[in-house]
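Enquirer: Dropping in structure.cif, with mmCIF, C-alpha atoms and all ligand atoms.
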```cif
data_coords
#
loop_
_atom_site.group_PDB
_atom_site.id
_atom_site.type_symbol
_atom_site.label_atom_id
_atom_site.label_comp_id
_atom_site.auth_asym_id
_atom_site.auth_seq_id
_atom_site.Cartn_x
_atom_site.Cartn_y
_atom_site.Cartn_z
ATOM 1 C CA MET X 1 -6.565 -2.812 8.880
ATOM 2 C CA ILE X 2 -9.640 -0.612 8.986
ATOM 3 C CA ARG X 3 -12.551 -2.133 10.839
ATOM 4 C CA ILE X 4 -16.021 -0.628 10.485
ATOM 5 C CA ASP X 5 -18.262 -2.164 13.061
ATOM 6 C CA SER X 6 -22.080 -1.800 13.041
ATOM 7 C CA VAL X 7 -21.840 1.850 12.009
ATOM 8 C CA TRP X 8 -24.926 4.025 11.827
ATOM 9 C CA TYR X 9 -24.672 7.695 10.949
ATOM 10 C CA GLU X 10 -27.387 10.329 11.202
ATOM 11 C CA TYR X 11 -26.747 13.901 9.973
ATOM 12 C CA PRO X 12 -27.967 16.675 12.279
ATOM 13 C CA SER X 13 -30.733 17.273 9.696
ATOM 14 C CA GLY X 14 -32.141 13.841 10.566
ATOM 15 C CA THR X 15 -31.018 12.039 7.371
ATOM 16 C CA VAL X 16 -29.797 8.561 8.246
ATOM 17 C CA ALA X 17 -26.927 8.102 5.767
ATOM 18 C CA LEU X 18 -25.378 4.835 7.046
ATOM 19 C CA ARG X 19 -27.313 1.857 8.355
ATOM 20 C CA ASN X 20 -25.454 -0.855 10.177
ATOM 21 C CA VAL X 21 -22.360 -0.860 7.972
ATOM 22 C CA ASN X 22 -19.830 -3.636 8.673
ATOM 23 C CA LEU X 23 -16.632 -3.746 6.666
ATOM 24 C CA VAL X 24 -13.015 -4.792 7.138
ATOM 25 C CA ILE X 25 -10.421 -3.331 4.781
ATOM 26 C CA ASP X 26 -6.880 -4.655 4.753
ATOM 27 C CA ARG X 27 -3.655 -3.114 3.520
ATOM 28 C CA GLY X 28 -2.779 -4.342 0.043
ATOM 29 C CA GLU X 29 -6.428 -4.200 -1.037
ATOM 30 C CA ILE X 30 -8.252 -1.892 -3.429
ATOM 31 C CA VAL X 31 -11.857 -1.468 -2.379
ATOM 32 C CA ALA X 32 -14.380 0.461 -4.447
ATOM 33 C CA LEU X 33 -17.549 1.774 -2.807
ATOM 34 C CA MET X 34 -20.125 1.978 -5.547
ATOM 35 C CA GLY X 35 -23.799 2.886 -5.733
ATOM 36 C CA GLU X 36 -26.382 5.514 -6.618
ATOM 37 C CA ASN X 37 -26.118 9.216 -5.712
ATOM 38 C CA GLY X 38 -26.907 9.621 -2.046
ATOM 39 C CA ALA X 39 -26.119 5.973 -1.222
ATOM 40 C CA GLY X 40 -23.740 7.049 1.569
ATOM 41 C CA LYS X 41 -20.340 6.609 -0.117
ATOM 42 C CA THR X 42 -18.918 10.015 0.834
ATOM 43 C CA THR X 43 -20.362 9.758 4.336
ATOM 44 C CA LEU X 44 -18.601 6.416 4.807
ATOM 45 C CA LEU X 45 -15.277 7.717 3.435
ATOM 46 C CA LYS X 46 -15.381 10.671 5.850
ATOM 47 C CA HIS X 47 -15.570 8.163 8.726
ATOM 48 C CA LEU X 48 -12.210 6.671 7.762
ATOM 49 C CA ASN X 49 -10.114 9.669 8.862
ATOM 50 C CA GLY X 50 -12.446 10.672 11.651
ATOM 51 C CA LEU X 51 -14.000 13.710 9.921
ATOM 52 C CA LEU X 52 -17.317 12.140 10.839
ATOM 53 C CA LYS X 53 -17.777 9.959 13.906
ATOM 54 C CA PRO X 54 -20.383 7.194 13.985
ATOM 55 C CA THR X 55 -23.704 7.967 15.666
ATOM 56 C CA SER X 56 -23.455 4.383 16.858
ATOM 57 C CA GLY X 57 -20.976 1.588 16.208
ATOM 58 C CA LYS X 58 -17.264 2.214 15.746
ATOM 59 C CA VAL X 59 -14.466 2.653 13.229
ATOM 60 C CA GLU X 60 -10.934 1.480 14.040
ATOM 61 C CA VAL X 61 -7.821 2.287 12.034
ATOM 62 C CA ASP X 62 -4.998 -0.123 12.855
ATOM 63 C CA GLY X 63 -6.612 -0.655 16.253
ATOM 64 C CA VAL X 64 -7.219 3.047 17.002
ATOM 65 C CA ASP X 65 -10.834 4.064 17.612
ATOM 66 C CA THR X 66 -11.556 7.181 15.499
ATOM 67 C CA ARG X 67 -13.590 8.670 18.379
ATOM 68 C CA THR X 68 -10.547 8.782 20.640
ATOM 69 C CA THR X 69 -8.133 10.612 18.336
ATOM 70 C CA THR X 70 -7.938 13.768 16.229
ATOM 71 C CA VAL X 71 -8.467 14.111 12.485
ATOM 72 C CA ALA X 72 -4.964 15.632 12.254
ATOM 73 C CA SER X 73 -3.248 12.581 13.692
ATOM 74 C CA LEU X 74 -5.459 10.113 11.797
ATOM 75 C CA SER X 75 -4.740 11.933 8.519
ATOM 76 C CA ARG X 76 -1.105 10.893 8.768
ATOM 77 C CA HIS X 77 -2.291 7.290 8.303
ATOM 78 C CA VAL X 78 -5.466 7.824 6.285
ATOM 79 C CA GLY X 79 -5.109 10.336 3.449
ATOM 80 C CA LEU X 80 -8.502 11.487 2.158
ATOM 81 C CA VAL X 81 -8.867 13.150 -1.245
ATOM 82 C CA PHE X 82 -12.146 15.039 -1.407
ATOM 83 C CA GLN X 83 -14.516 14.792 -4.343
ATOM 84 C CA ASN X 84 -14.211 18.535 -4.928
ATOM 85 C CA PRO X 85 -10.464 19.355 -4.949
ATOM 86 C CA ASP X 86 -11.100 23.078 -4.292
ATOM 87 C CA ASN X 87 -11.895 22.115 -0.690
ATOM 88 C CA MET X 88 -8.295 21.005 -0.215
ATOM 89 C CA PHE X 89 -6.432 24.073 -1.498
ATOM 90 C CA PHE X 90 -5.367 27.100 0.518
ATOM 91 C CA CYS X 91 -1.766 27.872 -0.529
ATOM 92 C CA THR X 92 -0.649 30.383 -3.141
ATOM 93 C CA SER X 93 1.208 27.908 -5.353
ATOM 94 C CA VAL X 94 0.925 24.307 -6.476
ATOM 95 C CA PHE X 95 4.375 23.544 -5.041
ATOM 96 C CA GLU X 96 3.526 25.040 -1.635
ATOM 97 C CA GLU X 97 0.274 23.087 -1.564
ATOM 98 C CA VAL X 98 2.152 19.776 -1.683
ATOM 99 C CA SER X 99 5.135 20.739 0.484
ATOM 100 C CA TYR X 100 3.026 22.403 3.195
ATOM 101 C CA ALA X 101 1.255 19.136 4.033
ATOM 102 C CA LEU X 102 4.615 17.392 4.240
ATOM 103 C CA THR X 103 6.186 19.893 6.646
ATOM 104 C CA ARG X 104 3.025 19.700 8.775
ATOM 105 C CA PHE X 105 3.695 15.961 9.146
ATOM 106 C CA GLY X 106 7.229 16.597 10.316
ATOM 107 C CA TYR X 107 9.275 16.218 7.130
ATOM 108 C CA SER X 108 12.264 18.545 6.905
ATOM 109 C CA ARG X 109 11.972 21.391 4.377
ATOM 110 C CA GLU X 110 14.514 19.666 2.175
ATOM 111 C CA GLU X 111 12.746 16.291 2.201
ATOM 112 C CA ALA X 112 9.404 18.058 1.631
ATOM 113 C CA ARG X 113 10.836 19.845 -1.438
ATOM 114 C CA ARG X 114 12.269 16.587 -2.775
ATOM 115 C CA ARG X 115 9.011 14.661 -2.351
ATOM 116 C CA ALA X 116 6.927 17.515 -3.779
ATOM 117 C CA GLU X 117 9.113 17.557 -6.885
ATOM 118 C CA VAL X 118 8.839 13.785 -7.416
ATOM 119 C CA VAL X 119 5.079 13.694 -6.991
ATOM 120 C CA LEU X 120 4.411 16.793 -9.131
ATOM 121 C CA LYS X 121 6.545 15.343 -11.927
ATOM 122 C CA THR X 122 4.725 11.991 -11.678
ATOM 123 C CA PHE X 123 1.387 13.772 -12.018
ATOM 124 C CA ASN X 124 2.643 15.972 -14.844
ATOM 125 C CA LEU X 125 2.078 19.148 -12.800
ATOM 126 C CA TRP X 126 5.680 20.309 -12.414
ATOM 127 C CA GLN X 127 5.248 23.033 -15.019
ATOM 128 C CA TYR X 128 2.509 24.589 -12.853
ATOM 129 C CA ARG X 129 4.562 24.562 -9.634
ATOM 130 C CA ASP X 130 4.465 28.377 -9.263
ATOM 131 C CA SER X 131 0.827 28.801 -10.347
ATOM 132 C CA SER X 132 -2.119 29.175 -8.025
ATOM 133 C CA PRO X 133 -3.951 25.835 -7.585
ATOM 134 C CA PHE X 134 -7.173 27.660 -8.426
ATOM 135 C CA THR X 135 -6.002 28.426 -11.975
ATOM 136 C CA LEU X 136 -5.687 24.715 -12.869
ATOM 137 C CA SER X 137 -8.266 22.884 -14.986
ATOM 138 C CA GLY X 138 -10.688 20.420 -13.363
ATOM 139 C CA GLY X 139 -8.570 17.358 -14.163
ATOM 140 C CA GLU X 140 -5.340 19.088 -13.100
ATOM 141 C CA LYS X 141 -6.921 20.057 -9.772
ATOM 142 C CA LYS X 142 -7.932 16.447 -9.271
ATOM 143 C CA ARG X 143 -4.383 15.307 -9.999
ATOM 144 C CA LEU X 144 -3.007 17.894 -7.579
ATOM 145 C CA ALA X 145 -5.425 16.833 -4.838
ATOM 146 C CA ILE X 146 -4.320 13.206 -5.236
ATOM 147 C CA SER X 147 -0.638 14.130 -5.365
ATOM 148 C CA ILE X 148 -0.880 16.114 -2.100
ATOM 149 C CA VAL X 149 -1.992 12.965 -0.293
ATOM 150 C CA LEU X 150 0.370 10.574 -2.066
ATOM 151 C CA ALA X 151 3.349 12.785 -1.222
ATOM 152 C CA TRP X 152 3.271 11.581 2.400
ATOM 153 C CA MET X 153 2.384 7.956 1.468
ATOM 154 C CA PRO X 154 -0.248 7.253 4.112
ATOM 155 C CA SER X 155 -1.019 3.621 4.991
ATOM 156 C CA TYR X 156 -4.518 4.107 3.557
ATOM 157 C CA VAL X 157 -5.307 6.218 0.516
ATOM 158 C CA VAL X 158 -8.955 7.238 0.286
ATOM 159 C CA ILE X 159 -10.172 8.948 -2.883
ATOM 160 C CA ASP X 160 -13.733 10.177 -3.353
ATOM 161 C CA GLU X 161 -14.693 9.883 -7.050
ATOM 162 C CA PRO X 162 -11.104 9.629 -8.354
ATOM 163 C CA THR X 163 -11.860 9.790 -12.077
ATOM 164 C CA THR X 164 -14.042 12.920 -12.140
ATOM 165 C CA GLY X 165 -12.445 15.295 -14.648
ATOM 166 C CA LEU X 166 -9.559 12.985 -15.572
ATOM 167 C CA ASP X 167 -8.735 12.386 -19.233
ATOM 168 C CA GLY X 168 -7.504 9.080 -20.689
ATOM 169 C CA TRP X 169 -3.870 9.740 -19.715
ATOM 170 C CA GLY X 170 -4.903 10.713 -16.182
ATOM 171 C CA LYS X 171 -6.984 7.575 -15.717
ATOM 172 C CA ARG X 172 -4.270 5.294 -17.086
ATOM 173 C CA MET X 173 -1.649 6.898 -14.835
ATOM 174 C CA LEU X 174 -3.944 6.617 -11.823
ATOM 175 C CA ILE X 175 -4.602 2.921 -12.501
ATOM 176 C CA ASN X 176 -0.854 2.198 -12.624
ATOM 177 C CA LEU X 177 -0.261 4.231 -9.505
ATOM 178 C CA LEU X 178 -3.022 2.563 -7.490
ATOM 179 C CA LEU X 179 -1.813 -0.904 -8.513
ATOM 180 C CA ASN X 180 1.681 0.117 -7.442
ATOM 181 C CA LEU X 181 0.411 1.357 -4.063
ATOM 182 C CA LYS X 182 -1.461 -1.910 -3.573
ATOM 183 C CA ASP X 183 1.791 -3.813 -4.180
ATOM 184 C CA ARG X 184 3.420 -1.579 -1.561
ATOM 185 C CA GLU X 185 0.849 -2.765 0.996
ATOM 186 C CA ARG X 186 -1.205 0.410 1.073
ATOM 187 C CA GLY X 187 -4.942 0.067 1.539
ATOM 188 C CA ILE X 188 -6.852 1.939 -1.153
ATOM 189 C CA ILE X 189 -10.487 2.899 -0.753
ATOM 190 C CA LEU X 190 -12.312 4.634 -3.575
ATOM 191 C CA SER X 191 -15.846 5.730 -4.262
ATOM 192 C CA SER X 192 -16.879 5.664 -7.875
ATOM 193 C CA HIS X 193 -19.635 5.286 -10.470
ATOM 194 C CA ASP X 194 -17.045 4.588 -13.123
ATOM 195 C CA VAL X 195 -17.618 0.880 -13.738
ATOM 196 C CA GLU X 196 -15.053 0.738 -16.564
ATOM 197 C CA PHE X 197 -12.308 2.219 -14.371
ATOM 198 C CA ILE X 198 -13.073 -0.089 -11.448
ATOM 199 C CA SER X 199 -13.184 -3.065 -13.859
ATOM 200 C CA GLU X 200 -9.655 -2.275 -14.978
ATOM 201 C CA ILE X 201 -8.204 -2.232 -11.493
ATOM 202 C CA ALA X 202 -10.130 -5.385 -10.573
ATOM 203 C CA ALA X 203 -10.986 -4.005 -7.190
ATOM 204 C CA ARG X 204 -13.069 -5.538 -4.472
ATOM 205 C CA VAL X 205 -16.464 -3.910 -4.908
ATOM 206 C CA VAL X 206 -18.810 -2.909 -2.098
ATOM 207 C CA LEU X 207 -22.260 -1.880 -3.312
ATOM 208 C CA LEU X 208 -24.163 0.601 -1.205
ATOM 209 C CA ARG X 209 -27.832 1.468 -1.434
ATOM 210 C CA ARG X 210 -29.598 3.908 0.896
ATOM 211 C CA GLY X 211 -26.854 3.614 3.475
ATOM 212 C CA GLU X 212 -26.707 -0.177 3.486
ATOM 213 C CA ILE X 213 -24.216 -2.610 2.002
ATOM 214 C CA ILE X 214 -26.091 -4.796 -0.472
ATOM 215 C CA ALA X 215 -23.100 -6.697 -1.900
ATOM 216 C CA ASP X 216 -19.387 -7.128 -1.219
ATOM 217 C CA GLY X 217 -17.149 -9.217 -3.469
ATOM 218 C CA ALA X 218 -14.731 -9.431 -6.355
ATOM 219 C CA ALA X 219 -15.277 -7.033 -9.272
ATOM 220 C CA GLU X 220 -15.637 -10.041 -11.643
ATOM 221 C CA ASP X 221 -18.616 -11.257 -9.631
ATOM 222 C CA ILE X 222 -20.325 -7.949 -8.901
ATOM 223 C CA LEU X 223 -19.695 -5.876 -12.024
ATOM 224 C CA THR X 224 -20.871 -8.740 -14.236
ATOM 225 C CA ASP X 225 -24.203 -9.174 -12.429
ATOM 226 C CA PRO X 226 -26.789 -6.991 -14.217
ATOM 227 C CA VAL X 227 -29.461 -7.560 -11.569
ATOM 228 C CA LEU X 228 -27.244 -6.371 -8.711
ATOM 229 C CA LEU X 229 -25.961 -3.444 -10.756
ATOM 230 C CA GLU X 230 -29.481 -2.351 -11.605
ATOM 231 C CA GLU X 231 -30.361 -2.472 -7.913
ATOM 232 C CA ALA X 232 -27.423 -0.148 -7.213
ATOM 233 C CA SER X 233 -28.265 2.160 -10.176
ATOM 234 C CA LEU X 234 -25.003 1.321 -11.955
ATOM 235 C CA LEU X 235 -24.466 0.517 -15.622
ATOM 236 C CA THR X 236 -23.050 -2.869 -16.608
ATOM 237 C CA PRO X 237 -19.534 -2.408 -18.060
ATOM 238 C CA GLN X 238 -19.267 -2.793 -21.843
ATOM 239 C CA ILE X 239 -17.329 -6.075 -21.929
ATOM 240 C CA PRO X 240 -19.649 -8.188 -19.760
ATOM 241 C CA SER X 241 -22.633 -6.557 -21.551
ATOM 242 C CA LEU X 242 -21.297 -7.803 -24.879
ATOM 243 C CA LEU X 243 -20.570 -11.279 -23.502
ATOM 244 C CA HIS X 244 -24.044 -11.506 -21.907
ATOM 245 C CA GLU X 245 -25.632 -10.531 -25.201
ATOM 246 C CA LEU X 246 -23.629 -13.141 -27.143
ATOM 247 C CA LYS X 247 -24.484 -15.748 -24.540
ATOM 248 C CA LYS X 248 -28.193 -14.995 -24.919
ATOM 249 C CA ARG X 249 -27.782 -15.504 -28.678
ATOM 250 C CA GLY X 250 -26.449 -19.017 -28.304
ATOM 251 C CA PHE X 251 -22.744 -18.753 -27.393
ATOM 252 C CA ARG X 252 -23.368 -20.690 -24.199
ATOM 253 C CA ASP X 253 -19.742 -21.506 -23.444
ATOM 254 C CA LEU X 254 -18.758 -17.873 -23.075
ATOM 255 C CA ASN X 255 -17.513 -16.852 -19.665
ATOM 256 C CA HIS X 256 -19.503 -13.684 -19.035
ATOM 257 C CA LYS X 257 -17.440 -12.932 -15.905
ATOM 258 C CA CYS X 258 -14.654 -11.401 -17.997
ATOM 259 C CA LEU X 259 -14.097 -7.720 -17.259
ATOM 260 C CA ARG X 260 -10.875 -6.950 -19.051
ATOM 261 C CA LEU X 261 -10.346 -6.602 -22.769
ATOM 262 C CA ASP X 262 -7.452 -9.093 -22.933
ATOM 263 C CA GLU X 263 -9.507 -11.772 -21.136
ATOM 264 C CA ALA X 264 -12.509 -11.173 -23.411
ATOM 265 C CA VAL X 265 -10.340 -11.413 -26.526
ATOM 266 C CA ARG X 266 -8.881 -14.704 -25.283
ATOM 267 C CA CYS X 267 -12.343 -16.050 -24.498
ATOM 268 C CA LEU X 268 -13.832 -14.971 -27.849
ATOM 269 C CA SER X 269 -10.839 -16.244 -29.858
ATOM 270 C CA ALA X 270 -11.279 -19.686 -28.316
ATOM 271 C CA ILE X 271 -14.864 -19.769 -29.581
ATOM 272 C CA LEU X 272 -14.491 -18.008 -32.910
ATOM 273 C CA GLY X 273 -11.342 -19.936 -33.888
ATOM 274 C CA ARG X 274 -8.444 -18.569 -35.883
ATOM 275 C CA PRO X 275 -8.939 -15.515 -38.085
ATOM 276 C CA ASP X 276 -9.511 -16.238 -41.794
ATOM 277 C CA GLN X 277 -6.417 -16.717 -43.852
ATOM 278 C CA GLY X 278 -5.778 -13.813 -46.165
ATOM 279 C CA CYS X 279 -6.906 -11.126 -43.750
ATOM 280 C CA ASP X 280 -3.357 -9.852 -43.296
ATOM 281 C CA GLY X 281 -2.997 -6.291 -44.335
ATOM 282 C CA PHE X 282 -6.544 -5.239 -43.478
HETATM 283 N N1 LIG J 301 -23.946 17.614 5.206
HETATM 284 C C1 LIG J 301 -25.072 16.897 5.081
HETATM 285 N N2 LIG J 301 -26.180 17.207 5.806
HETATM 286 C C2 LIG J 301 -27.302 16.482 5.687
HETATM 287 N N3 LIG J 301 -27.461 15.424 4.869
HETATM 288 C C3 LIG J 301 -26.406 15.079 4.120
HETATM 289 C C4 LIG J 301 -25.162 15.793 4.180
HETATM 290 N N4 LIG J 301 -24.278 15.210 3.325
HETATM 291 C C5 LIG J 301 -24.939 14.182 2.755
HETATM 292 N N5 LIG J 301 -26.215 14.103 3.228
HETATM 293 C C6 LIG J 301 -27.235 13.094 2.859
HETATM 294 O O1 LIG J 301 -26.745 11.821 3.239
HETATM 295 C C7 LIG J 301 -27.047 10.841 2.257
HETATM 296 C C8 LIG J 301 -25.747 10.223 1.772
HETATM 297 O O2 LIG J 301 -24.983 11.206 1.085
HETATM 298 P P1 LIG J 301 -23.526 10.932 0.514
HETATM 299 O O3 LIG J 301 -22.772 10.190 1.541
HETATM 300 O O4 LIG J 301 -22.994 12.226 0.031
HETATM 301 O O5 LIG J 301 -23.856 9.946 -0.713
HETATM 302 P P2 LIG J 301 -22.979 9.556 -2.013
HETATM 303 O O6 LIG J 301 -21.579 9.991 -1.773
HETATM 304 O O7 LIG J 301 -23.149 8.080 -2.122
HETATM 305 O O8 LIG J 301 -23.621 10.249 -3.180
HETATM 306 C C9 LIG J 301 -27.831 11.566 1.174
HETATM 307 O O9 LIG J 301 -29.185 11.371 1.436
HETATM 308 C C10 LIG J 301 -27.430 13.017 1.368
HETATM 309 O O10 LIG J 301 -28.455 13.881 0.949
HETATM 310 MG MG MG J 302 -20.331 11.257 -2.849
#
```
Using structure tokens, write down the structure that the file contains.

Expert:
Amino acid sequence: MIRIDSVWYEYPSGTVALRNVNLVIDRGEIVALMGENGAGKTTLLKHLNGLLKPTSGKVEVDGVDTRTTTVASLSRHVGLVFQNPDNMFFCTSVFEEVSYALTRFGYSREEARRRAEVVLKTFNLWQYRDSSPFTLSGGEKKRLAISIVLAWMPSYVVIDEPTTGLDGWGKRMLINLLLNLKDRERGIILSSHDVEFISEIAARVVLLRRGEIIADGAAEDILTDPVLLEEASLLTPQIPSLLHELKKRGFRDLNHKCLRLDEAVRCLSAILGRPDQGCDGF
């Protein structure tokens, strides 16, 4: 597990970006850090692989204090995907970009080639294997950045703003992949403003504001609470917004803690009854 213990972080400029953050993240969990711009999400994610060390307090990854080890050795266990994928690329081809990281972690050339092929095909990037990473579109770069990290299957997958630039297919594929990783006992830590995306993966949500955790709980509790969301400068997702509105208009039995479309349909059908006869064909 990752244990974040009373962490404060002050940038050399004097900005205090984290204030007494306490958090335990287990394998097999998806945790979404959410909150306004400048809340401290990226700063906290960079503590997980040791890129930043706490000014006070400590971060432990599976019992290892991040202050006592190198970023290179932590990265084997904690794969961090940066918000801006360009920061991760330095090879001449998409294929090399994925296989280089693998050989660095000790995989044989053959195993690295095999894994790179699987992951590039999964992310629909195989056709670009000989192209420069810098010629890809924004969403393709994002997919490549994620595939580089997933190729070595770290115990913890950390993705800063995973949905930036992704189209519908990309988001759907990422949801399936993250749920699959969760089932394979990986810990997944994301930062995001995308309330609809986080609703779909039913993550545990940690709300940050000005460097402090202001809420930590199940997505159904946090992403359906308009007061908390407002405090964290987040929008309420569409489905709970609709259910809240209907509830205000007299549908008191509605469960406004639904986040997913299938649950909302079930809940509304129970109240609205069966569709009118004779509607078939419309
Ligand atoms: N390299 C840096 N130097 C100084 N201040 C920074 C740096 N990076 C971020 N900050 C400041 O730290 C705070 C938290 O930033 P960040 O962690 O990037 O927030 P978020 O990812 O939630 O938008 C902000 O006030 C930001 O301006
Ligand atoms: Mg950020």

Enquirer: Mind running chain X against ligand LIG 301 (chain J) at 10 Å and telling me each contacting residue's nearest atom pair with the distance in Å (one decimal), counting all atoms listed in the file, chain and number ascending, as a tab-separated table?

Expert:
```
residue	atom	partner	partner_atom	distance
X:Tyr9	CA	J:LIG301	O1	9.0
X:Glu10	CA	J:LIG301	O1	8.1
X:Tyr11	CA	J:LIG301	C2	5.0
X:Pro12	CA	J:LIG301	C2	6.6
X:Ser13	CA	J:LIG301	C2	5.3
X:Gly14	CA	J:LIG301	C2	7.4
X:Thr15	CA	J:LIG301	N3	5.5
X:Val16	CA	J:LIG301	O1	6.7
X:Ala17	CA	J:LIG301	C7	4.5
X:Leu18	CA	J:LIG301	C8	7.5
X:Leu33	CA	J:LIG301	O7	8.5
X:Met34	CA	J:LIG301	O7	7.6
X:Gly35	CA	J:LIG301	O7	6.4
X:Glu36	CA	J:LIG301	O7	6.1
X:Asn37	CA	J:LIG301	O8	3.7
X:Gly38	CA	J:LIG301	O5	3.3
X:Ala39	CA	J:LIG301	O7	3.8
X:Gly40	CA	J:LIG301	O3	3.3
X:Lys41	CA	J:LIG301	O7	3.8
X:Thr42	CA	J:LIG301	O6	3.7
X:Thr43	CA	J:LIG301	O3	3.7
X:Leu44	CA	J:LIG301	O3	6.5
X:Leu45	CA	J:LIG301	O3	8.1
X:Lys46	CA	J:LIG301	O3	8.6
X:Gln83	CA	J:LIG301	O6	8.9
X:Asp160	CA	J:LIG301	O6	8.0
X:Glu161	CA	J:LIG301	O6	8.7
X:Ser191	CA	J:LIG301	O6	7.6
X:Ser192	CA	J:LIG301	O6	8.8
X:His193	CA	J:LIG301	O7	9.5
X:Leu208	CA	J:LIG301	O7	7.6
X:Arg209	CA	J:LIG301	O7	8.1
X:Arg210	CA	J:LIG301	C8	7.4
X:Gly211	CA	J:LIG301	C8	6.9
```

Enquirer: Using all atoms listed in the file, what table do you get, as a Markdown table, when you list each residue of segment 163-236 of chain X with an atom no more than 12 Å from segment 140-151 of chain X, its nearest pair of atoms, and their distance in Å rounded to one decimal, rows by chain then rising number?

Expert:
```
| residue | atom | partner | partner_atom | distance |
| --- | --- | --- | --- | --- |
| X:Thr163 | CA | X:Lys142 | CA | 8.2 |
| X:Thr164 | CA | X:Lys142 | CA | 7.6 |
| X:Gly165 | CA | X:Lys142 | CA | 7.1 |
| X:Leu166 | CA | X:Lys142 | CA | 7.4 |
| X:Asp167 | CA | X:Glu140 | CA | 9.7 |
| X:Trp169 | CA | X:Arg143 | CA | 11.2 |
| X:Gly170 | CA | X:Arg143 | CA | 7.7 |
| X:Lys171 | CA | X:Arg143 | CA | 10.0 |
| X:Met173 | CA | X:Arg143 | CA | 10.1 |
| X:Leu174 | CA | X:Arg143 | CA | 8.9 |
| X:Leu177 | CA | X:Leu150 | CA | 9.8 |
| X:Leu178 | CA | X:Leu150 | CA | 10.3 |
| X:Asn180 | CA | X:Leu150 | CA | 11.8 |
| X:Leu181 | CA | X:Leu150 | CA | 9.4 |
| X:Arg186 | CA | X:Leu150 | CA | 10.8 |
| X:Ile188 | CA | X:Leu150 | CA | 11.3 |
| X:Leu190 | CA | X:Ile146 | CA | 11.8 |
```

Enquirer: Quick check, in Å to one decimal: how far apart do atom CA of Arg115 of chain X and atom CA of Ser93 of chain X lie?

Expert: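 Between these atoms lies a distance of 15.7 Å.
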
Enquirer: For Asp221 of chain X, list every protein, DNA or RNA residue within 10 Å, evaluated using all atoms listed in the file, and leave out those in the same chain fewer than 3 positions away; present the list as an MDAnalysis selection string.

Expert: chainID X and resid 204:205 216:218 224:225 228 256:259

Enquirer: Please write the residues picked by the PyMOL selection byres (((chain X and resi 197) around 10) and not hetatm) on this file as a list of chain:residue names.

Expert: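 So the PyMOL selection byres (((chain X and resi 197) around 10) and not hetatm) ends up selecting X:Pro162, X:Thr163, X:Lys171, X:Arg172, X:Leu174, X:Ile175, X:Ser192, X:His193, X:Asp194, X:Val195, X:Glu196, X:Ile198, X:Ser199, X:Glu200, X:Ile201, X:Ala202, X:Ala203, X:Pro237.
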
Enquirer: Could you list as a list in words every residue that has an atom within 9 Å of (-7.4, -2.4, 5.8), using the file's coordinates and counting only C-alpha atoms?

Expert: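 The residues near that point, listed by chain and number, are Met1, Ile2, Arg3, Val24, Ile25, Asp26, Arg27, Gly28, Glu29, Val61, Asp62, Ser155, Tyr156, Arg186, Gly187, Ile188 and Ile189 of chain X.
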
Enquirer: Determine the axis-aligned bounding box of all atoms of segment 223-234 of chain X present in the file, pad each side by 4 Å, and express its centre and edge lengths in Å to one decimal place as JSON.

Expert:
```
{"center_x": -25.0, "center_y": -3.5, "center_z": -10.7, "size_x": 18.7, "size_y": 19.3, "size_z": 15.0}
```

Enquirer: For the PyMOL selection byres (((chain X and resi 120-124) around 8) and not hetatm), applied here, can you spell out every residue it catches as a list in words?

Expert: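 Selected by the PyMOL selection byres (((chain X and resi 120-124) around 8) and not hetatm) in this file: Phe95, Ala116, Glu117, Val118, Val119, Leu125, Trp126, Gln127, Arg129, Arg143, Leu144 and Ser147 of chain X.
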
Enquirer: Select, from X:Ala264, X:Ile159, X:Ala72, X:Leu136, the residue with the minimum atom-to-atom distance to ligand MG 302 (chain J), counting only C-alpha atoms and all ligand atoms.

Expert: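 Among the listed residues, the smallest separation from ligand MG 302 (chain J) belongs to X:Ile159.
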
Enquirer: Neighbouring residues of Ser132 of chain X were defined as those with any atom within 9 Å, considering all atoms listed in the file; residues of the same chain fewer than 6 positions away were excluded. Please report them as a list in words.

Expert: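 Contacts, in chain order: Cys91, Thr92, Ser93 and Val94 of chain X.
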
Enquirer: Could you write out that same residue set with C-alpha atoms as a PDB file, in the coordinates of the input?

Expert:
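Output contents, as saved in out_25.pdb:
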```pdb
ATOM      1  CA  CYS X  91      -1.766  27.872  -0.529  1.00  0.00           C
ATOM      2  CA  THR X  92      -0.649  30.383  -3.141  1.00  0.00           C
ATOM      3  CA  SER X  93       1.208  27.908  -5.353  1.00  0.00           C
ATOM      4  CA  VAL X  94       0.925  24.307  -6.476  1.00  0.00           C
TER       5      VAL X  94
END
```

Enquirer: In Å, with one decimal, what is the gap from atom CA of Arg184 of chain X to atom CA of Val81 of chain X?

Expert: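 Here the two named atoms are 19.2 Å from each other.
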
Enquirer: Pick from X:Gly79, X:Phe89, X:Asn20, X:Glu111: nearest to Val59 of chain X, with only C-alpha atoms counted?

Expert: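 The shortest atom-to-atom distance to Val59 of chain X comes from X:Asn20.
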
Enquirer: So that I can see what lies close to Ser73 of chain X, please list as a ChimeraX atom specification the residues with an atom at most 9 Å from it, counting all atoms listed in the file and leaving out residues fewer than 3 positions away in the same chain.

Expert: /X:49,69-70,76-77,105
